[in-house]
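First comes the structure, then the notes that go with it.
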Amino acid sequence: MPHPAPAVVPAPVTDRTTEVADGVHAFVQPPGGWCLNNAGVIVSEGRSALVDTVATESRARALRRAALRLTPAAPQAVVNTHFHGDHAFGNHLFPEALVVGHERTRTEMIASGLHLTGLWPDVDWGTLTLVPPALTFRDALTLHVGSVRAEVVHVGPRAHTSNDSVVWLPEQKVLFTGDLVMSGVTPFFLMGSLAGSLAALERLRAFGATTVVPGHGPVCGPEVFDTVEGYLRRVAELAAQGRAAGLTPVETAREADLGPYADLLDSERLVPNLHRAFAELAGTEAAEALPMPVMEKALGEMIAYHGRPPHCLA
């Protein structure tokens, strides 16, 4: 008789933060895979703001504890870098905060609702209430947290998603990238674009950051941009080779050699990434979304390629 698959044990819930610059803290959730994102807490002159929240109720409560230890006043603002639930489902546990995001972050968050929870029904999501951004912007805005100036900039039109924003602290030279950058974790651009992701990296480099807080994975320096770019260009090469050979994206993935990028966490994302890269080779514009049936097929093939649904340790 076959043995049942072992239960997936969630990663420990942490309420620890790391100070990456004066008054700037990273809330990092290792190892950084599916739904284990990073958030930020900016503290100055008795005031605070968050960059993103987290996926589950228990993790959001841990983030709140961490923020209130840094200053007793609850955060005045939450900036969502994009609409994905692992960066936004915890918004409702910060009722004192004004939620800020790109205009499409609001519309796409409302459209997707709590759909993410259905992808991993075994995760203890807790009681969630969707709170989309109440203040939206199109290109950029500036948030002042005490004496800290935080520039919130939309990096588009389509990279990881259609609504990616970064938070740049020019005096501290700290850049919160959302999921435009992942550290030690495989990039994911099925809902975005390959060409747009490469263009976004050039914009991120131009900020001149010395500290990068990625959407997932450890805090790092600007050298992470080279790793992300290398992976993206390798996917572009594989797509071109696979298409020329008459292969499908999943067939290309099965024959692929990712070289130095093979050990990035959640490597199964190669399949949906190749679907997007193939589409762009066929003429899909960087700003254009893939049709939903194509995305659903890509995710189904990712599961088949991986041999099981991807692990979500949230």
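How things are named: the first chain in the structure tokens is A, the next is B, and so on; residues count from 1 in each chain; ligands count from 1 in the order shown.
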
Find the spatial neighbours of A:Ser197, counting only C-alpha atoms, within a cut-off of 10 Å - ignore same-chain residues fewer than 2 positions away - and output them as a PDB file with N, CA, C and O atoms, in the first residue's frame.
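Heads up, here's the output in around-v7.pdb:
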ATOM      1  N   VAL A 155       6.186  50.662 -10.774  1.00  0.00           N
ATOM      2  CA  VAL A 155       7.163  50.195 -11.751  1.00  0.00           C
ATOM      3  C   VAL A 155       6.405  49.293 -12.716  1.00  0.00           C
ATOM      4  O   VAL A 155       6.125  48.144 -12.425  1.00  0.00           O
ATOM      5  N   GLY A 156       6.061  49.830 -13.857  1.00  0.00           N
ATOM      6  CA  GLY A 156       5.193  49.080 -14.762  1.00  0.00           C
ATOM      7  C   GLY A 156       5.685  49.166 -16.187  1.00  0.00           C
ATOM      8  O   GLY A 156       6.814  49.587 -16.430  1.00  0.00           O
ATOM      9  N   PRO A 157       4.805  48.802 -17.132  1.00  0.00           N
ATOM     10  CA  PRO A 157       3.381  48.533 -16.914  1.00  0.00           C
ATOM     11  C   PRO A 157       3.066  47.135 -16.387  1.00  0.00           C
ATOM     12  O   PRO A 157       2.025  46.920 -15.779  1.00  0.00           O
ATOM     13  N   ARG A 158       3.938  46.150 -16.622  1.00  0.00           N
ATOM     14  CA  ARG A 158       3.637  44.786 -16.181  1.00  0.00           C
ATOM     15  C   ARG A 158       4.956  44.056 -15.984  1.00  0.00           C
ATOM     16  O   ARG A 158       5.726  43.908 -16.922  1.00  0.00           O
ATOM     17  N   ALA A 159       5.198  43.599 -14.752  1.00  0.00           N
ATOM     18  CA  ALA A 159       6.454  42.902 -14.450  1.00  0.00           C
ATOM     19  C   ALA A 159       6.132  41.627 -13.672  1.00  0.00           C
ATOM     20  O   ALA A 159       5.937  40.570 -14.252  1.00  0.00           O
ATOM     21  N   HIS A 160       6.071  41.691 -12.340  1.00  0.00           N
ATOM     22  CA  HIS A 160       5.556  40.553 -11.569  1.00  0.00           C
ATOM     23  C   HIS A 160       4.033  40.508 -11.709  1.00  0.00           C
ATOM     24  O   HIS A 160       3.431  39.441 -11.855  1.00  0.00           O
ATOM     25  N   THR A 161       3.399  41.672 -11.637  1.00  0.00           N
ATOM     26  CA  THR A 161       1.967  41.838 -11.905  1.00  0.00           C
ATOM     27  C   THR A 161       1.826  43.108 -12.745  1.00  0.00           C
ATOM     28  O   THR A 161       2.813  43.661 -13.227  1.00  0.00           O
ATOM     29  N   LEU A 180       9.010  42.142  -7.257  1.00  0.00           N
ATOM     30  CA  LEU A 180       9.882  42.383  -8.404  1.00  0.00           C
ATOM     31  C   LEU A 180      11.228  41.721  -8.196  1.00  0.00           C
ATOM     32  O   LEU A 180      11.913  41.360  -9.158  1.00  0.00           O
ATOM     33  N   VAL A 181      11.609  41.554  -6.935  1.00  0.00           N
ATOM     34  CA  VAL A 181      12.876  40.900  -6.584  1.00  0.00           C
ATOM     35  C   VAL A 181      12.603  39.882  -5.489  1.00  0.00           C
ATOM     36  O   VAL A 181      11.904  40.172  -4.515  1.00  0.00           O
ATOM     37  N   PRO A 187      12.049  33.804  -9.342  1.00  0.00           N
ATOM     38  CA  PRO A 187      11.102  34.833  -9.786  1.00  0.00           C
ATOM     39  C   PRO A 187       9.852  34.211 -10.403  1.00  0.00           C
ATOM     40  O   PRO A 187       9.863  33.057 -10.847  1.00  0.00           O
ATOM     41  N   PHE A 188       8.777  35.000 -10.430  1.00  0.00           N
ATOM     42  CA  PHE A 188       7.491  34.489 -10.929  1.00  0.00           C
ATOM     43  C   PHE A 188       6.791  35.601 -11.689  1.00  0.00           C
ATOM     44  O   PHE A 188       6.444  36.631 -11.107  1.00  0.00           O
ATOM     45  N   PHE A 189       6.591  35.397 -12.990  1.00  0.00           N
ATOM     46  CA  PHE A 189       6.013  36.491 -13.790  1.00  0.00           C
ATOM     47  C   PHE A 189       4.882  36.030 -14.696  1.00  0.00           C
ATOM     48  O   PHE A 189       4.612  36.652 -15.717  1.00  0.00           O
ATOM     49  N   GLY A 192       2.674  38.698 -14.914  1.00  0.00           N
ATOM     50  CA  GLY A 192       3.376  39.895 -15.365  1.00  0.00           C
ATOM     51  C   GLY A 192       3.919  39.698 -16.755  1.00  0.00           C
ATOM     52  O   GLY A 192       3.207  39.266 -17.659  1.00  0.00           O
ATOM     53  N   SER A 193       5.216  39.987 -16.911  1.00  0.00           N
ATOM     54  CA  SER A 193       5.855  39.740 -18.209  1.00  0.00           C
ATOM     55  C   SER A 193       7.351  39.609 -18.022  1.00  0.00           C
ATOM     56  O   SER A 193       7.931  40.141 -17.066  1.00  0.00           O
ATOM     57  N   LEU A 194       7.958  38.896 -18.952  1.00  0.00           N
ATOM     58  CA  LEU A 194       9.410  38.749 -18.940  1.00  0.00           C
ATOM     59  C   LEU A 194      10.076  40.057 -19.332  1.00  0.00           C
ATOM     60  O   LEU A 194      10.977  40.546 -18.638  1.00  0.00           O
ATOM     61  N   ALA A 195       9.626  40.643 -20.440  1.00  0.00           N
ATOM     62  CA  ALA A 195      10.223  41.901 -20.890  1.00  0.00           C
ATOM     63  C   ALA A 195      10.027  42.996 -19.845  1.00  0.00           C
ATOM     64  O   ALA A 195      10.938  43.781 -19.565  1.00  0.00           O
ATOM     65  N   ALA A 199      12.849  45.190 -17.715  1.00  0.00           N
ATOM     66  CA  ALA A 199      12.824  46.658 -17.700  1.00  0.00           C
ATOM     67  C   ALA A 199      12.718  47.180 -16.268  1.00  0.00           C
ATOM     68  O   ALA A 199      13.352  48.185 -15.911  1.00  0.00           O
ATOM     69  N   ALA A 200      11.936  46.498 -15.433  1.00  0.00           N
ATOM     70  CA  ALA A 200      11.797  46.924 -14.043  1.00  0.00           C
ATOM     71  C   ALA A 200      13.118  46.856 -13.305  1.00  0.00           C
ATOM     72  O   ALA A 200      13.436  47.732 -12.485  1.00  0.00           O
ATOM     73  N   LEU A 201      13.924  45.830 -13.583  1.00  0.00           N
ATOM     74  CA  LEU A 201      15.226  45.716 -12.915  1.00  0.00           C
ATOM     75  C   LEU A 201      16.108  46.913 -13.203  1.00  0.00           C
ATOM     76  O   LEU A 201      16.840  47.391 -12.326  1.00  0.00           O
ATOM     77  N   GLU A 202      16.067  47.413 -14.430  1.00  0.00           N
ATOM     78  CA  GLU A 202      16.868  48.596 -14.754  1.00  0.00           C
ATOM     79  C   GLU A 202      16.414  49.797 -13.951  1.00  0.00           C
ATOM     80  O   GLU A 202      17.229  50.604 -13.486  1.00  0.00           O
ATOM     81  N   ARG A 203      15.116  49.925 -13.756  1.00  0.00           N
ATOM     82  CA  ARG A 203      14.612  51.027 -12.938  1.00  0.00           C
ATOM     83  C   ARG A 203      15.035  50.862 -11.480  1.00  0.00           C
ATOM     84  O   ARG A 203      15.393  51.835 -10.809  1.00  0.00           O
ATOM     85  N   VAL A 228      18.673  37.937 -10.298  1.00  0.00           N
ATOM     86  CA  VAL A 228      17.330  37.927 -10.884  1.00  0.00           C
ATOM     87  C   VAL A 228      17.414  38.100 -12.397  1.00  0.00           C
ATOM     88  O   VAL A 228      16.757  37.373 -13.158  1.00  0.00           O
ATOM     89  N   GLU A 229      18.251  39.015 -12.853  1.00  0.00           N
ATOM     90  CA  GLU A 229      18.384  39.223 -14.296  1.00  0.00           C
ATOM     91  C   GLU A 229      18.939  37.973 -14.981  1.00  0.00           C
ATOM     92  O   GLU A 229      18.473  37.582 -16.066  1.00  0.00           O
ATOM     93  N   LEU A 232      16.146  35.508 -15.411  1.00  0.00           N
ATOM     94  CA  LEU A 232      15.193  35.935 -16.444  1.00  0.00           C
ATOM     95  C   LEU A 232      15.764  35.716 -17.839  1.00  0.00           C
ATOM     96  O   LEU A 232      15.061  35.232 -18.745  1.00  0.00           O
ATOM     97  N   ALA A 286       4.337  43.322 -23.723  1.00  0.00           N
ATOM     98  CA  ALA A 286       4.699  43.300 -22.307  1.00  0.00           C
ATOM     99  C   ALA A 286       3.555  43.777 -21.421  1.00  0.00           C
ATOM    100  O   ALA A 286       3.367  43.275 -20.308  1.00  0.00           O
TER     101      ALA A 286
END

>> Can you tell me, as a PyMOL selection string, which residues in stretch 75-227 of chain A count as alpha helix (DSSP H) by DSSP?
In response: chain A and resi 103-112+115-119+194-207+224-227

With only C-alpha atoms counted and 7 Å as the cut-off, give the residues of stretch 99-193 of chain A in contact with stretch 78-94 of chain A, each with its shortest interatomic distance in Å and the pair that gives it, as a tab-separated table.
residue	atom	partner	partner_atom	distance
A:Val99	CA	A:Val78	CA	4.7
A:Val100	CA	A:Val79	CA	4.7
A:Gly101	CA	A:Asn80	CA	5.3
A:Thr105	CA	A:Phe83	CA	4.8
A:Glu108	CA	A:Phe83	CA	6.3
A:Met109	CA	A:Phe83	CA	5.0
A:Leu116	CA	A:Gly85	CA	6.5
A:Leu128	CA	A:Phe89	CA	6.7
A:Thr129	CA	A:His92	CA	6.0
A:Leu130	CA	A:Phe89	CA	6.3
A:Val131	CA	A:His92	CA	5.7
A:Asn163	CA	A:His82	CA	5.6
A:Asp164	CA	A:His82	CA	5.0
A:Ser165	CA	A:Thr81	CA	4.7
A:Val166	CA	A:Thr81	CA	6.1
A:Gly178	CA	A:Thr81	CA	5.4

Contact table stretch 243-311 of chain A vs stretch 206-225 of chain A, cut-off 12 Å, shortest pair per residue, only C-alpha atoms, as a tab-separated table:
residue	atom	partner	partner_atom	distance
A:Leu264	CA	A:Gly217	CA	10.3
A:Leu265	CA	A:Gly217	CA	9.2
A:Asp266	CA	A:His216	CA	11.3

Filtering to all heavy atoms, could you give me those residues as a CSV table (one decimal), in the first residue's frame?
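File produced: out_19.csv:
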chain,number,residue,atom,x,y,z
A,264,LEU,N,17.5,27.8,-6.8
A,264,LEU,CA,16.5,28.8,-6.2
A,264,LEU,C,15.3,28.1,-5.7
A,264,LEU,O,14.8,27.1,-6.3
A,264,LEU,CB,16.2,29.8,-7.3
A,264,LEU,CG,17.3,30.7,-7.8
A,264,LEU,CD1,16.8,31.6,-8.9
A,264,LEU,CD2,17.9,31.5,-6.7
A,265,LEU,N,14.8,28.5,-4.6
A,265,LEU,CA,13.6,28.0,-4.0
A,265,LEU,C,12.4,28.1,-5.0
A,265,LEU,O,12.3,29.0,-5.7
A,265,LEU,CB,13.3,28.7,-2.7
A,265,LEU,CG,12.3,28.1,-1.7
A,265,LEU,CD1,12.8,26.8,-1.2
A,265,LEU,CD2,12.0,29.1,-0.6
A,266,ASP,N,11.5,27.1,-5.0
A,266,ASP,CA,10.3,27.0,-5.8
A,266,ASP,C,10.6,27.0,-7.3
A,266,ASP,O,10.1,27.7,-8.1
A,266,ASP,CB,9.4,28.2,-5.5
A,266,ASP,CG,8.9,28.2,-4.0
A,266,ASP,OD1,8.8,27.1,-3.4
A,266,ASP,OD2,8.7,29.3,-3.5

Would you tabulate, counting only C-alpha atoms, all residues of stretch 211-245 of chain A that have an atom at most 12 Å from an atom of stretch 254-258 of chain A, showing the closest pair of atoms and their distance in Å to one decimal, sorted by chain then ascending number, as a Markdown table?
| residue | atom | partner | partner_atom | distance |
| --- | --- | --- | --- | --- |
| A:Gly230 | CA | A:Leu258 | CA | 10.1 |
| A:Tyr231 | CA | A:Leu258 | CA | 8.0 |
| A:Leu232 | CA | A:Leu258 | CA | 10.6 |
| A:Arg233 | CA | A:Leu258 | CA | 10.7 |
| A:Arg234 | CA | A:Leu258 | CA | 7.1 |
| A:Val235 | CA | A:Leu258 | CA | 8.2 |
| A:Ala236 | CA | A:Leu258 | CA | 11.4 |
| A:Glu237 | CA | A:Ala256 | CA | 10.2 |
| A:Leu238 | CA | A:Ala256 | CA | 6.9 |
| A:Ala239 | CA | A:Ala256 | CA | 9.7 |
| A:Ala240 | CA | A:Ala256 | CA | 11.9 |
| A:Gln241 | CA | A:Ala256 | CA | 9.8 |
| A:Gly242 | CA | A:Glu255 | CA | 9.0 |
| A:Ala245 | CA | A:Glu255 | CA | 11.5 |

Those selected residues, please, written with N, CA, C and O atoms and delivered as an mmCIF file, in the first residue's frame.
data_model
loop_
_atom_site.group_PDB
_atom_site.id
_atom_site.type_symbol
_atom_site.label_atom_id
_atom_site.label_comp_id
_atom_site.auth_asym_id
_atom_site.auth_seq_id
_atom_site.Cartn_x
_atom_site.Cartn_y
_atom_site.Cartn_z
ATOM 1 N N GLY A 230 19.908 37.328 -14.350
ATOM 2 C CA GLY A 230 20.477 36.124 -14.939
ATOM 3 C C GLY A 230 19.432 35.044 -15.118
ATOM 4 O O GLY A 230 19.387 34.366 -16.150
ATOM 5 N N TYR A 231 18.589 34.875 -14.110
ATOM 6 C CA TYR A 231 17.515 33.880 -14.226
ATOM 7 C C TYR A 231 16.561 34.253 -15.360
ATOM 8 O O TYR A 231 16.188 33.402 -16.182
ATOM 9 N N LEU A 232 16.146 35.508 -15.411
ATOM 10 C CA LEU A 232 15.193 35.935 -16.444
ATOM 11 C C LEU A 232 15.764 35.716 -17.839
ATOM 12 O O LEU A 232 15.061 35.232 -18.745
ATOM 13 N N ARG A 233 17.024 36.035 -18.009
ATOM 14 C CA ARG A 233 17.634 35.860 -19.334
ATOM 15 C C ARG A 233 17.809 34.376 -19.658
ATOM 16 O O ARG A 233 17.719 33.981 -20.833
ATOM 17 N N ARG A 234 18.035 33.546 -18.649
ATOM 18 C CA ARG A 234 18.112 32.108 -18.900
ATOM 19 C C ARG A 234 16.753 31.577 -19.353
ATOM 20 O O ARG A 234 16.673 30.746 -20.276
ATOM 21 N N VAL A 235 15.674 32.043 -18.726
ATOM 22 C CA VAL A 235 14.332 31.635 -19.159
ATOM 23 C C VAL A 235 14.081 32.080 -20.594
ATOM 24 O O VAL A 235 13.515 31.322 -21.399
ATOM 25 N N ALA A 236 14.513 33.287 -20.946
ATOM 26 C CA ALA A 236 14.338 33.771 -22.320
ATOM 27 C C ALA A 236 15.077 32.873 -23.307
ATOM 28 O O ALA A 236 14.551 32.529 -24.375
ATOM 29 N N GLU A 237 16.306 32.459 -22.947
ATOM 30 C CA GLU A 237 17.078 31.560 -23.818
ATOM 31 C C GLU A 237 16.369 30.212 -23.974
ATOM 32 O O GLU A 237 16.266 29.675 -25.081
ATOM 33 N N LEU A 238 15.907 29.661 -22.862
ATOM 34 C CA LEU A 238 15.235 28.364 -22.907
ATOM 35 C C LEU A 238 13.967 28.431 -23.755
ATOM 36 O O LEU A 238 13.670 27.513 -24.529
ATOM 37 N N ALA A 239 13.222 29.523 -23.610
ATOM 38 C CA ALA A 239 11.993 29.673 -24.391
ATOM 39 C C ALA A 239 12.296 29.729 -25.880
ATOM 40 O O ALA A 239 11.620 29.088 -26.697
ATOM 41 N N ALA A 240 13.322 30.503 -26.237
ATOM 42 C CA ALA A 240 13.680 30.615 -27.652
ATOM 43 C C ALA A 240 14.125 29.259 -28.206
ATOM 44 O O ALA A 240 13.735 28.862 -29.316
ATOM 45 N N GLN A 241 14.934 28.532 -27.424
ATOM 46 C CA GLN A 241 15.402 27.220 -27.875
ATOM 47 C C GLN A 241 14.244 26.223 -27.972
ATOM 48 O O GLN A 241 14.135 25.458 -28.943
ATOM 49 N N GLY A 242 13.370 26.232 -26.962
ATOM 50 C CA GLY A 242 12.252 25.294 -26.967
ATOM 51 C C GLY A 242 11.289 25.563 -28.100
ATOM 52 O O GLY A 242 10.832 24.624 -28.776
ATOM 53 N N ALA A 245 12.632 24.412 -31.362
ATOM 54 C CA ALA A 245 12.641 22.953 -31.476
ATOM 55 C C ALA A 245 11.237 22.366 -31.550
ATOM 56 O O ALA A 245 11.086 21.134 -31.609
#

Please identify the strand (DSSP E or B) residues within stretch 59-253 of chain A (assignment by DSSP from backbone atoms) and present them as an mmCIF file with N, CA and C atoms, in the first residue's frame.
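Just written: part08.cif:
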data_model
loop_
_atom_site.group_PDB
_atom_site.id
_atom_site.type_symbol
_atom_site.label_atom_id
_atom_site.label_comp_id
_atom_site.auth_asym_id
_atom_site.auth_seq_id
_atom_site.Cartn_x
_atom_site.Cartn_y
_atom_site.Cartn_z
ATOM 1 N N ALA A 77 -0.037 54.032 8.287
ATOM 2 C CA ALA A 77 -0.255 53.696 6.884
ATOM 3 C C ALA A 77 0.288 52.307 6.601
ATOM 4 N N VAL A 78 -0.341 51.639 5.628
ATOM 5 C CA VAL A 78 0.152 50.390 5.065
ATOM 6 C C VAL A 78 0.264 50.597 3.563
ATOM 7 N N VAL A 79 1.450 50.385 3.020
ATOM 8 C CA VAL A 79 1.640 50.446 1.574
ATOM 9 C C VAL A 79 1.676 49.023 1.041
ATOM 10 N N LEU A 98 -4.156 53.905 7.109
ATOM 11 C CA LEU A 98 -4.637 54.175 5.764
ATOM 12 C C LEU A 98 -3.896 53.234 4.821
ATOM 13 N N VAL A 99 -4.634 52.438 4.051
ATOM 14 C CA VAL A 99 -4.012 51.496 3.129
ATOM 15 C C VAL A 99 -3.801 52.196 1.796
ATOM 16 N N VAL A 100 -2.565 52.127 1.313
ATOM 17 C CA VAL A 100 -2.134 52.845 0.116
ATOM 18 C C VAL A 100 -1.682 51.837 -0.934
ATOM 19 N N GLY A 101 -2.017 52.085 -2.186
ATOM 20 C CA GLY A 101 -1.549 51.207 -3.247
ATOM 21 C C GLY A 101 -1.831 51.789 -4.610
ATOM 22 N N HIS A 102 -1.237 51.198 -5.613
ATOM 23 C CA HIS A 102 -1.488 51.623 -6.989
ATOM 24 C C HIS A 102 -2.970 51.420 -7.318
ATOM 25 N N LEU A 135 -6.459 54.734 -0.503
ATOM 26 C CA LEU A 135 -5.776 55.827 -1.208
ATOM 27 C C LEU A 135 -4.973 55.217 -2.337
ATOM 28 N N THR A 136 -5.271 55.605 -3.565
ATOM 29 C CA THR A 136 -4.579 55.031 -4.715
ATOM 30 C C THR A 136 -3.854 56.123 -5.490
ATOM 31 N N PHE A 137 -2.898 55.693 -6.288
ATOM 32 C CA PHE A 137 -2.108 56.610 -7.109
ATOM 33 C C PHE A 137 -1.840 55.947 -8.445
ATOM 34 N N ALA A 140 3.252 57.823 -8.749
ATOM 35 C CA ALA A 140 4.087 57.869 -7.548
ATOM 36 C C ALA A 140 3.429 58.757 -6.506
ATOM 37 N N LEU A 141 3.822 58.555 -5.261
ATOM 38 C CA LEU A 141 3.447 59.469 -4.187
ATOM 39 C C LEU A 141 4.547 59.436 -3.140
ATOM 40 N N THR A 142 4.527 60.402 -2.246
ATOM 41 C CA THR A 142 5.506 60.459 -1.166
ATOM 42 C C THR A 142 4.785 60.357 0.167
ATOM 43 N N LEU A 143 5.244 59.457 0.997
ATOM 44 C CA LEU A 143 4.705 59.251 2.332
ATOM 45 C C LEU A 143 5.754 59.719 3.337
ATOM 46 N N HIS A 144 5.325 60.542 4.297
ATOM 47 C CA HIS A 144 6.237 61.025 5.333
ATOM 48 C C HIS A 144 5.888 60.329 6.641
ATOM 49 N N VAL A 145 6.854 59.599 7.180
ATOM 50 C CA VAL A 145 6.690 58.899 8.455
ATOM 51 C C VAL A 145 7.627 59.581 9.435
ATOM 52 N N VAL A 148 11.135 60.485 8.173
ATOM 53 C CA VAL A 148 11.534 59.593 7.087
ATOM 54 C C VAL A 148 10.671 59.854 5.856
ATOM 55 N N ARG A 149 11.333 60.072 4.742
ATOM 56 C CA ARG A 149 10.654 60.275 3.470
ATOM 57 C C ARG A 149 10.644 58.948 2.714
ATOM 58 N N ALA A 150 9.456 58.497 2.356
ATOM 59 C CA ALA A 150 9.306 57.228 1.632
ATOM 60 C C ALA A 150 8.636 57.517 0.292
ATOM 61 N N GLU A 151 9.343 57.236 -0.782
ATOM 62 C CA GLU A 151 8.809 57.447 -2.120
ATOM 63 C C GLU A 151 8.213 56.131 -2.622
ATOM 64 N N VAL A 152 6.944 56.154 -2.955
ATOM 65 C CA VAL A 152 6.234 54.970 -3.436
ATOM 66 C C VAL A 152 6.069 55.136 -4.946
ATOM 67 N N VAL A 153 6.662 54.223 -5.703
ATOM 68 C CA VAL A 153 6.769 54.390 -7.149
ATOM 69 C C VAL A 153 6.217 53.160 -7.855
ATOM 70 N N HIS A 154 5.294 53.379 -8.785
ATOM 71 C CA HIS A 154 4.803 52.283 -9.615
ATOM 72 C C HIS A 154 5.855 51.946 -10.663
ATOM 73 N N SER A 165 4.638 48.130 -7.149
ATOM 74 C CA SER A 165 5.216 49.371 -6.655
ATOM 75 C C SER A 165 6.380 49.050 -5.729
ATOM 76 N N VAL A 166 7.316 49.967 -5.656
ATOM 77 C CA VAL A 166 8.423 49.846 -4.718
ATOM 78 C C VAL A 166 8.352 51.000 -3.733
ATOM 79 N N VAL A 167 8.989 50.826 -2.591
ATOM 80 C CA VAL A 167 9.092 51.895 -1.600
ATOM 81 C C VAL A 167 10.568 52.204 -1.428
ATOM 82 N N TRP A 168 10.929 53.435 -1.765
ATOM 83 C CA TRP A 168 12.325 53.867 -1.778
ATOM 84 C C TRP A 168 12.534 54.905 -0.688
ATOM 85 N N LEU A 169 13.516 54.643 0.170
ATOM 86 C CA LEU A 169 13.895 55.583 1.228
ATOM 87 C C LEU A 169 15.222 56.217 0.825
ATOM 88 N N VAL A 174 17.496 52.487 1.238
ATOM 89 C CA VAL A 174 16.832 51.191 1.383
ATOM 90 C C VAL A 174 15.704 51.122 0.363
ATOM 91 N N LEU A 175 15.624 50.001 -0.336
ATOM 92 C CA LEU A 175 14.586 49.794 -1.336
ATOM 93 C C LEU A 175 13.781 48.542 -0.989
ATOM 94 N N PHE A 176 12.473 48.726 -0.771
ATOM 95 C CA PHE A 176 11.545 47.619 -0.617
ATOM 96 C C PHE A 176 10.975 47.320 -1.999
ATOM 97 N N THR A 177 11.240 46.141 -2.523
ATOM 98 C CA THR A 177 10.946 45.863 -3.929
ATOM 99 C C THR A 177 9.636 45.125 -4.172
ATOM 100 N N GLY A 178 8.955 44.646 -3.111
ATOM 101 C CA GLY A 178 7.874 43.712 -3.372
ATOM 102 C C GLY A 178 8.413 42.520 -4.144
ATOM 103 N N ASP A 179 7.559 41.893 -4.944
ATOM 104 C CA ASP A 179 7.984 40.666 -5.618
ATOM 105 C C ASP A 179 8.652 40.903 -6.963
ATOM 106 N N LEU A 180 9.010 42.142 -7.257
ATOM 107 C CA LEU A 180 9.882 42.383 -8.404
ATOM 108 C C LEU A 180 11.228 41.721 -8.196
ATOM 109 N N VAL A 181 11.609 41.554 -6.935
ATOM 110 C CA VAL A 181 12.876 40.900 -6.584
ATOM 111 C C VAL A 181 12.603 39.882 -5.489
ATOM 112 N N MET A 182 13.156 38.680 -5.667
ATOM 113 C CA MET A 182 13.146 37.669 -4.624
ATOM 114 C C MET A 182 14.586 37.211 -4.422
ATOM 115 N N VAL A 185 15.072 32.933 -4.178
ATOM 116 C CA VAL A 185 13.760 32.378 -4.522
ATOM 117 C C VAL A 185 13.512 32.623 -6.007
ATOM 118 N N THR A 211 20.804 48.730 0.372
ATOM 119 C CA THR A 211 20.100 47.634 1.042
ATOM 120 C C THR A 211 18.805 47.371 0.297
ATOM 121 N N VAL A 212 18.556 46.103 0.009
ATOM 122 C CA VAL A 212 17.348 45.696 -0.711
ATOM 123 C C VAL A 212 16.554 44.752 0.185
ATOM 124 N N VAL A 213 15.301 45.105 0.437
ATOM 125 C CA VAL A 213 14.391 44.199 1.136
ATOM 126 C C VAL A 213 13.484 43.603 0.067
ATOM 127 N N PRO A 214 13.725 42.333 -0.306
ATOM 128 C CA PRO A 214 12.957 41.723 -1.396
ATOM 129 C C PRO A 214 11.581 41.286 -0.920
ATOM 130 N N GLY A 215 10.745 40.883 -1.861
ATOM 131 C CA GLY A 215 9.423 40.396 -1.490
ATOM 132 C C GLY A 215 9.464 39.083 -0.751
ATOM 133 N N HIS A 216 10.452 38.251 -1.053
ATOM 134 C CA HIS A 216 10.645 36.953 -0.400
ATOM 135 C C HIS A 216 12.136 36.710 -0.276
ATOM 136 N N CYS A 220 19.218 41.724 1.356
ATOM 137 C CA CYS A 220 20.435 41.598 0.566
ATOM 138 C C CYS A 220 20.874 42.970 0.070
#
